[in-house]
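Engineer: If you scroll down you'll find the structure; I have some questions about it.
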Amino acid sequence: MKQQHKVPFGIMGIFMAIGIVYGDIGTSPLYVMKAIINGLPSGLKANPDYIIGAISCIIWTLTLQTTIKYVIVTLRADNKGEGGILSLFALMRKKYRWAYIIAIIGAATLLADGIITPAITVVSAVEGLNGLLPSLPVVPIALIIIAAIFLVQPLGTARLGKPFGRIMFLWFSMIGVLGLLAFFHYPMIIKAFNPIYAVKVLIEVPDAFIILGAVFLCTTGAEALYSDLGHCGLHNIRVSWVYVKSTLILNYLGQGAWIITHPNLVTTDVNPFFEIMPGWFSFIGVGMATLAAIIASQALISGSFTIISEAISLDLWPNIKIKYPTNIKGQMFIPQVNYALMALCVLMVVCFGSSSNMEAAYGLSITITMLMTTLLLFIYFQYKNITLWISIPLTAFFITIESSFFIANLFKFTHGGWATILIAGCIFGIMFVWYNGRRIKNRYSKYEPIAPTIDCLKNICEDKSIPKFATHLVYVTRAKYPTDMESKISYSLINKQPKRADTYWFVYLHRSDEPYDFKYDVKVFVPGKMFRIDIHSGFKQGAHIDKFVHRICKELEEKGEVDLLSRYPSLRERKIEGDFRFVVVERIARNVDLPPMKKTLLLLYYLIKKCSTSDTQILDLDPSVVTLEYVPLKSVQ
């Protein structure tokens with residue numbers, strides 16, 4: 001049984017959570033109030049009732065959406081310590097397989113959100129220097145910072161989390177103190193805790209949905225909080241959230257107090273976040289904002305790695321290389337995803353150019369993710385047999401809130417929101433095609449008893465009229481039971497081209513949750529000639545099949561169970577080992593009788609597979625000793 005990894009609860013764990021999890025939501029004060037005042041009617045941007053009402057919306061959004069839905073409810077739905085929308089789907093996919101549609105919509109929109117988050121946070125922070133250095137080139141500096149963020153990802157989230165945690169702790173302390181100092185200039189801002197003011201502003205303000213769309217930006221990092229559960233641990237996240245939320249609310253209150261007390265200074269270009277700083281502190285504050293913006297990107301990047309890793313394990317994404325910089329499986333680095341995110345993020349900065357333009361596009365895709373998470377939570381409640389008297393009202397409550405935010409954010413579609421929806425649509429398309437194309441292909445993947453093939457291979461071994469294919473012939477099998485074999489392997493060995501070898505090896509690889517675990521079991525079909533090896537390899541070990549096979553064969557040779565020397569006399573007398581040949585068998589769709597829709601899905605599946613990492617690369621096989629074979633789907637029915 002797989003062991004559940006638990007991140008230790010303690011001071012270091014809390015600091016790690018602050019550094020990794022709250023970057024996105026923790027930098028929202030950089031742009032939320034600016035977006036709100038830009039959405040208010042001209043002449044009313046500093047209206048006390050409207051500002052108090054807007055901050056009341058923020059406070060209750062953080063309470064209802066982030067605290068109750070995510071921190072209290074959703075974090076309980078973990079899958080062996082891992083979180084995220086795909087992890088939630090994995091818990092009940094056997095019973096509710098159809099829910100994959102909800103899961104991949106949510107995953108695709110979350111990944112799309114991970115592209116614009118680093119862009120808007122970094123650009124917002126760098127723009128803070130404009131008041132001090134008006135001629136500063138914002139876009140080039142932002143691009144350099146963003147490139148640096150992605151280039152340090154190979155270090156791993158554990159190494160990044162420790163220094164990031166200390167910096168973010170200082171950041172939250174700083175924004176809390178700044179907010180508290182500004183708060184005393186207008187203590188009546190405390191009325192924002194009364195939800196009546198939130199309701200009032202949404203009823204009275206013209207274009208209230210635009211304000212609601214801006215308010216939603218304060219909670220966009222909540223979904224990343226769930227995705228990073230495996231990186232930081234449940235208790236570390238919950239305890240640290242108490243401190244984080246307190247400082248966020250203090251800062252929003254302080255910004256509101258400044259806006260109300262400085263009505264003549266409130267314009268579309270003014271950012272209240274930087275205005276509440278004392279003049280002597282401005283450079284320090286902007287520097288801290290830039291560091292926080294850098295760290296903010298980490299939450300979505302590490303969350304994106306988690307999503308792709310889970311998608312691969314659920315057959316929702318093509319196999320790609322995953323690296324583990326630390327000994328914790330939840331902390332990973334995926335090069336292809338990292339650099340694709342970097343390229344798209346750079347494109348966002350170049351295309352939008354300013355944080356104001358990005359605010360108009362930000363938030364639409366993540367509202368869809370949150371709606372999908374809510375729907376999956378309802379299904380999870382049914383899976384756990386939670387009474388409908390609890391699950392229906394709770395689900396309806398969150399859907400009502402999130403639907404309101406979704407409608408509000410729909411106004412952003414023509415202002416740039418289409419960009420993240422387009423990216424999410426492409427990601428959804430890949431996931432949908434991969435999942436369904438693989439299912440169609442697997443209908444033709446049959447497993448059959450291995451015994452008849454073993455008997456036939458005995459005769460092939462002795463048939464000298466068949467040219468020898470290799471001294472040691474190795475197939476990687478997906479058959480979980482030693483008594484079975486894929487029909488495609490049997491077809492390759494016997495029907496396609498009879499393959500005579502001195503020794504046959506069938507290798508099954510199981511990836512375990514322990515970092516350096518390595519053990520194996522050997523089943524002997526024919527002494528000295530035919531073997532099955534079941535390898536249990538830790539995730540840090542990688543999938544180095546050829547290295548594993550040679551290591552095991554050496555140990556078997558020492559026990560006298562196999563002869564590794566070449567069978568050619570001229571080589572054997574010099575103690576030269578025989579050659580190893582690995583065969584990778586792939587099915588191709590040819591003359592398959594399927595409905596047009598399924599046939600199209602299958603063809604698109606093979607197109608994606610061709611563009612992704614090959615089986616040879618995933619298994620880390622030496623291409624010079626690999627034979628790649630294709631067998632048609634129809635031939636093995």
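Ordering of the structure tokens sets the chain letters (A, B, ...), residue numbers begin anew at 1 in every chain, and ligands are numbered from 1 in the order given.
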Would you mind listing what lies within 10 Å of Tyr383 in chain A as a compact mmCIF listing (two decimals) with C-alpha atoms, in the first residue's frame, with only C-alpha atoms counted and same-chain residues fewer than 2 positions away left out?
Structural biologist:
```
# COMPACT_ATOMS: atom_id res chain seq x y z
CA LEU A 91 -10.74 10.21 -5.34
CA MET A 92 -14.01 9.24 -7.00
CA ARG A 93 -13.16 8.64 -10.66
CA LYS A 95 -17.47 5.58 -9.42
CA TYR A 96 -18.03 8.83 -11.35
CA LEU A 377 -16.94 18.84 -4.20
CA PHE A 378 -20.66 18.07 -4.47
CA ILE A 379 -19.84 14.78 -6.20
CA TYR A 380 -17.23 14.10 -3.50
CA PHE A 381 -19.88 14.68 -0.84
CA ASN A 385 -22.27 9.65 1.66
CA ILE A 386 -22.66 13.09 3.22
```
Engineer: Leaving out range 29-41 of chain A and any residue of its chain fewer than 3 positions from it, which residues lie within 6 Å of it when counting only C-alpha atoms, given as a PyMOL selection string?
Structural biologist: chain A and resi 44-45+211+214+268+271+273
Engineer: Take the residues that were just selected and, keeping N, CA, C and O atoms, output them as an mmCIF file, in the first residue's frame.
Structural biologist:
```
data_model
loop_
_atom_site.group_PDB
_atom_site.id
_atom_site.type_symbol
_atom_site.label_atom_id
_atom_site.label_comp_id
_atom_site.auth_asym_id
_atom_site.auth_seq_id
_atom_site.Cartn_x
_atom_site.Cartn_y
_atom_site.Cartn_z
ATOM 1 N N LEU A 44 -16.981 59.713 -8.023
ATOM 2 C CA LEU A 44 -17.392 58.921 -6.861
ATOM 3 C C LEU A 44 -16.305 57.948 -6.414
ATOM 4 O O LEU A 44 -16.559 57.042 -5.632
ATOM 5 N N LYS A 45 -15.106 58.129 -6.954
ATOM 6 C CA LYS A 45 -14.028 57.174 -6.690
ATOM 7 C C LYS A 45 -13.590 57.176 -5.224
ATOM 8 O O LYS A 45 -12.986 56.212 -4.765
ATOM 9 N N ILE A 211 -17.349 46.319 -10.531
ATOM 10 C CA ILE A 211 -16.739 46.366 -9.196
ATOM 11 C C ILE A 211 -16.565 44.954 -8.654
ATOM 12 O O ILE A 211 -15.533 44.609 -8.066
ATOM 13 N N ALA A 214 -13.611 43.279 -10.039
ATOM 14 C CA ALA A 214 -12.366 43.752 -9.423
ATOM 15 C C ALA A 214 -12.196 43.159 -8.030
ATOM 16 O O ALA A 214 -11.083 42.773 -7.640
ATOM 17 N N THR A 268 -7.076 57.566 -11.917
ATOM 18 C CA THR A 268 -6.944 56.215 -12.498
ATOM 19 C C THR A 268 -5.503 55.720 -12.486
ATOM 20 O O THR A 268 -5.264 54.513 -12.553
ATOM 21 N N ASN A 271 -2.007 54.302 -7.441
ATOM 22 C CA ASN A 271 -2.162 53.006 -6.773
ATOM 23 C C ASN A 271 -2.136 53.235 -5.264
ATOM 24 O O ASN A 271 -1.098 53.563 -4.699
ATOM 25 N N PHE A 273 -1.985 51.340 -2.868
ATOM 26 C CA PHE A 273 -1.054 50.490 -2.113
ATOM 27 C C PHE A 273 0.254 51.219 -1.840
ATOM 28 O O PHE A 273 0.791 51.178 -0.723
#
```
Engineer: Mind checking which residues fall within 8 Å of range 221-234 of chain A, counting only C-alpha atoms, ignoring those fewer than 4 positions away in the same chain, and posting them as an MDAnalysis selection string?
Structural biologist: chainID A and resid 6:9 13:14 16:17 20:25 65:66 70 74:75 78 81:85 110 157 238 299:300 302:303 306:307 330:331 366 369:370
Engineer: In Å to one decimal, how far is CA of Tyr444 in chain A from CA of Lys609 in chain A?
Structural biologist: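 Spanning CA of Lys609 in chain A to CA of Tyr444 in chain A is a straight-line distance of 17.2 Å.
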Engineer: Using only C-alpha atoms, can you tell me which of A:Leu155, A:Ala289, A:Leu457, A:Ile210 comes closest to Lys412 in chain A?
Structural biologist: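 Between A:Leu155, A:Ala289, A:Leu457, A:Ile210, the residue approaching Lys412 in chain A most closely is A:Ile210.
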Engineer: What is the CA of Thr117 in chain A to CA of Gly179 in chain A distance in Å?
Structural biologist: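 Here the two named atoms are 23.6 Å from each other.
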Engineer: Need to verify the contact set: range 573-581 of chain A, 8 Å, only C-alpha atoms, exclusion of same-chain residues closer than 6 positions in sequence. Can you return it as an MDAnalysis selection string?
Structural biologist: chainID A and resid 470:474 564:567 625:627
Engineer: Could you save those same residues with all heavy atoms as an mmCIF file, in the first residue's frame?
Structural biologist:
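Resulting contents of result_3.cif:
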```cif
data_model
loop_
_atom_site.group_PDB
_atom_site.id
_atom_site.type_symbol
_atom_site.label_atom_id
_atom_site.label_comp_id
_atom_site.auth_asym_id
_atom_site.auth_seq_id
_atom_site.Cartn_x
_atom_site.Cartn_y
_atom_site.Cartn_z
ATOM 1 N N ALA A 470 18.614 -11.233 -31.172
ATOM 2 C CA ALA A 470 19.469 -10.678 -30.121
ATOM 3 C C ALA A 470 19.835 -11.784 -29.151
ATOM 4 O O ALA A 470 19.174 -12.818 -29.084
ATOM 5 C CB ALA A 470 18.756 -9.548 -29.383
ATOM 6 N N THR A 471 20.915 -11.539 -28.385
ATOM 7 C CA THR A 471 21.249 -12.485 -27.321
ATOM 8 C C THR A 471 20.224 -12.350 -26.188
ATOM 9 O O THR A 471 19.675 -13.333 -25.707
ATOM 10 C CB THR A 471 22.659 -12.206 -26.778
ATOM 11 O OG1 THR A 471 23.595 -12.258 -27.859
ATOM 12 C CG2 THR A 471 23.045 -13.247 -25.729
ATOM 13 N N HIS A 472 19.983 -11.108 -25.772
ATOM 14 C CA HIS A 472 18.993 -10.839 -24.726
ATOM 15 C C HIS A 472 17.942 -9.898 -25.310
ATOM 16 O O HIS A 472 18.258 -8.780 -25.727
ATOM 17 C CB HIS A 472 19.651 -10.192 -23.506
ATOM 18 C CG HIS A 472 20.751 -11.010 -22.918
ATOM 19 N ND1 HIS A 472 20.531 -12.074 -22.077
ATOM 20 C CD2 HIS A 472 22.105 -10.922 -23.070
ATOM 21 C CE1 HIS A 472 21.681 -12.604 -21.720
ATOM 22 N NE2 HIS A 472 22.666 -11.924 -22.306
ATOM 23 N N LEU A 473 16.707 -10.357 -25.331
ATOM 24 C CA LEU A 473 15.615 -9.573 -25.901
ATOM 25 C C LEU A 473 14.691 -9.121 -24.770
ATOM 26 O O LEU A 473 14.201 -9.947 -23.993
ATOM 27 C CB LEU A 473 14.832 -10.423 -26.911
ATOM 28 C CG LEU A 473 13.730 -9.725 -27.702
ATOM 29 C CD1 LEU A 473 14.266 -8.506 -28.444
ATOM 30 C CD2 LEU A 473 13.094 -10.700 -28.690
ATOM 31 N N VAL A 474 14.470 -7.792 -24.679
ATOM 32 C CA VAL A 474 13.747 -7.218 -23.542
ATOM 33 C C VAL A 474 12.497 -6.478 -24.021
ATOM 34 O O VAL A 474 12.573 -5.642 -24.927
ATOM 35 C CB VAL A 474 14.637 -6.236 -22.744
ATOM 36 C CG1 VAL A 474 13.899 -5.744 -21.502
ATOM 37 C CG2 VAL A 474 15.964 -6.873 -22.375
ATOM 38 N N LEU A 564 25.168 -14.383 -19.085
ATOM 39 C CA LEU A 564 25.156 -13.121 -19.832
ATOM 40 C C LEU A 564 26.182 -13.072 -20.954
ATOM 41 O O LEU A 564 26.158 -12.157 -21.773
ATOM 42 C CB LEU A 564 25.410 -11.937 -18.880
ATOM 43 C CG LEU A 564 24.357 -11.685 -17.796
ATOM 44 C CD1 LEU A 564 24.721 -10.433 -17.003
ATOM 45 C CD2 LEU A 564 22.965 -11.533 -18.406
ATOM 46 N N LEU A 565 27.082 -14.059 -21.014
ATOM 47 C CA LEU A 565 28.119 -14.030 -22.044
ATOM 48 C C LEU A 565 27.528 -14.286 -23.424
ATOM 49 O O LEU A 565 26.486 -14.930 -23.576
ATOM 50 C CB LEU A 565 29.190 -15.072 -21.740
ATOM 51 C CG LEU A 565 30.057 -14.816 -20.501
ATOM 52 C CD1 LEU A 565 31.078 -15.932 -20.332
ATOM 53 C CD2 LEU A 565 30.762 -13.466 -20.600
ATOM 54 N N SER A 566 28.214 -13.749 -24.427
ATOM 55 C CA SER A 566 27.795 -13.945 -25.805
ATOM 56 C C SER A 566 27.807 -15.427 -26.152
ATOM 57 O O SER A 566 28.641 -16.198 -25.653
ATOM 58 C CB SER A 566 28.728 -13.181 -26.748
ATOM 59 O OG SER A 566 28.431 -13.483 -28.086
ATOM 60 N N ARG A 567 26.878 -15.837 -27.001
ATOM 61 C CA ARG A 567 26.815 -17.241 -27.433
ATOM 62 C C ARG A 567 27.703 -17.517 -28.645
ATOM 63 O O ARG A 567 27.848 -18.650 -29.061
ATOM 64 C CB ARG A 567 25.378 -17.646 -27.764
ATOM 65 C CG ARG A 567 24.361 -17.409 -26.643
ATOM 66 C CD ARG A 567 24.773 -18.076 -25.323
ATOM 67 N NE ARG A 567 23.654 -18.165 -24.388
ATOM 68 C CZ ARG A 567 23.332 -17.244 -23.504
ATOM 69 N NH1 ARG A 567 24.062 -16.137 -23.418
ATOM 70 N NH2 ARG A 567 22.302 -17.419 -22.696
ATOM 71 N N VAL A 625 20.026 0.802 -28.963
ATOM 72 C CA VAL A 625 19.713 -0.611 -28.734
ATOM 73 C C VAL A 625 18.198 -0.834 -28.665
ATOM 74 O O VAL A 625 17.731 -1.805 -28.103
ATOM 75 C CB VAL A 625 20.382 -1.129 -27.437
ATOM 76 C CG1 VAL A 625 21.894 -1.096 -27.565
ATOM 77 C CG2 VAL A 625 19.926 -0.331 -26.215
ATOM 78 N N VAL A 626 17.441 0.109 -29.230
ATOM 79 C CA VAL A 626 15.984 0.013 -29.217
ATOM 80 C C VAL A 626 15.463 -0.236 -30.621
ATOM 81 O O VAL A 626 15.880 0.428 -31.574
ATOM 82 C CB VAL A 626 15.349 1.305 -28.649
ATOM 83 C CG1 VAL A 626 13.828 1.267 -28.796
ATOM 84 C CG2 VAL A 626 15.719 1.487 -27.189
ATOM 85 N N THR A 627 14.567 -1.185 -30.744
ATOM 86 C CA THR A 627 13.838 -1.405 -31.987
ATOM 87 C C THR A 627 12.399 -0.949 -31.765
ATOM 88 O O THR A 627 11.718 -1.432 -30.860
ATOM 89 C CB THR A 627 13.845 -2.888 -32.393
ATOM 90 O OG1 THR A 627 15.192 -3.286 -32.640
ATOM 91 C CG2 THR A 627 13.000 -3.121 -33.639
#
```
Engineer: Do you know which residues are at most 8 Å from Cys345 in chain A counting only C-alpha atoms, after dropping those on the same chain fewer than 5 positions away, and could you put them as a compact mmCIF listing (two decimals) with C-alpha atoms, in the first residue's frame?
Structural biologist:
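And here's out13.txt as it stands now:
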```txt
# COMPACT_ATOMS: atom_id res chain seq x y z
CA ILE A 115 0.20 32.24 -17.14
CA ILE A 116 -1.22 35.69 -16.37
CA PRO A 118 3.24 36.16 -12.77
CA ALA A 119 2.73 38.82 -15.43
CA ILE A 146 9.87 36.87 -15.02
```
Engineer: Give me, as a PyMOL selection string, all polymer residues having an atom no more than 12 Å from Leu410 in chain A, counting only C-alpha atoms and skipping those fewer than 3 positions away in the same chain.
Structural biologist: chain A and resi 209-210+212-214+360-368+403-407+413-418+421
Engineer: Kindly give the distance, in Å, that separates CA of Leu316 in chain A and CA of Trp434 in chain A, rounded to a single decimal.
Structural biologist: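 It comes out at 5.9 Å.
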Engineer: Could you check which of A:Asn436, A:Ile276, A:Leu133, A:Phe164 is closest to His185 in chain A, using only C-alpha atoms?
Structural biologist: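 Checking each of A:Asn436, A:Ile276, A:Leu133, A:Phe164 against His185 in chain A, counting only C-alpha atoms, the winner is A:Ile276.
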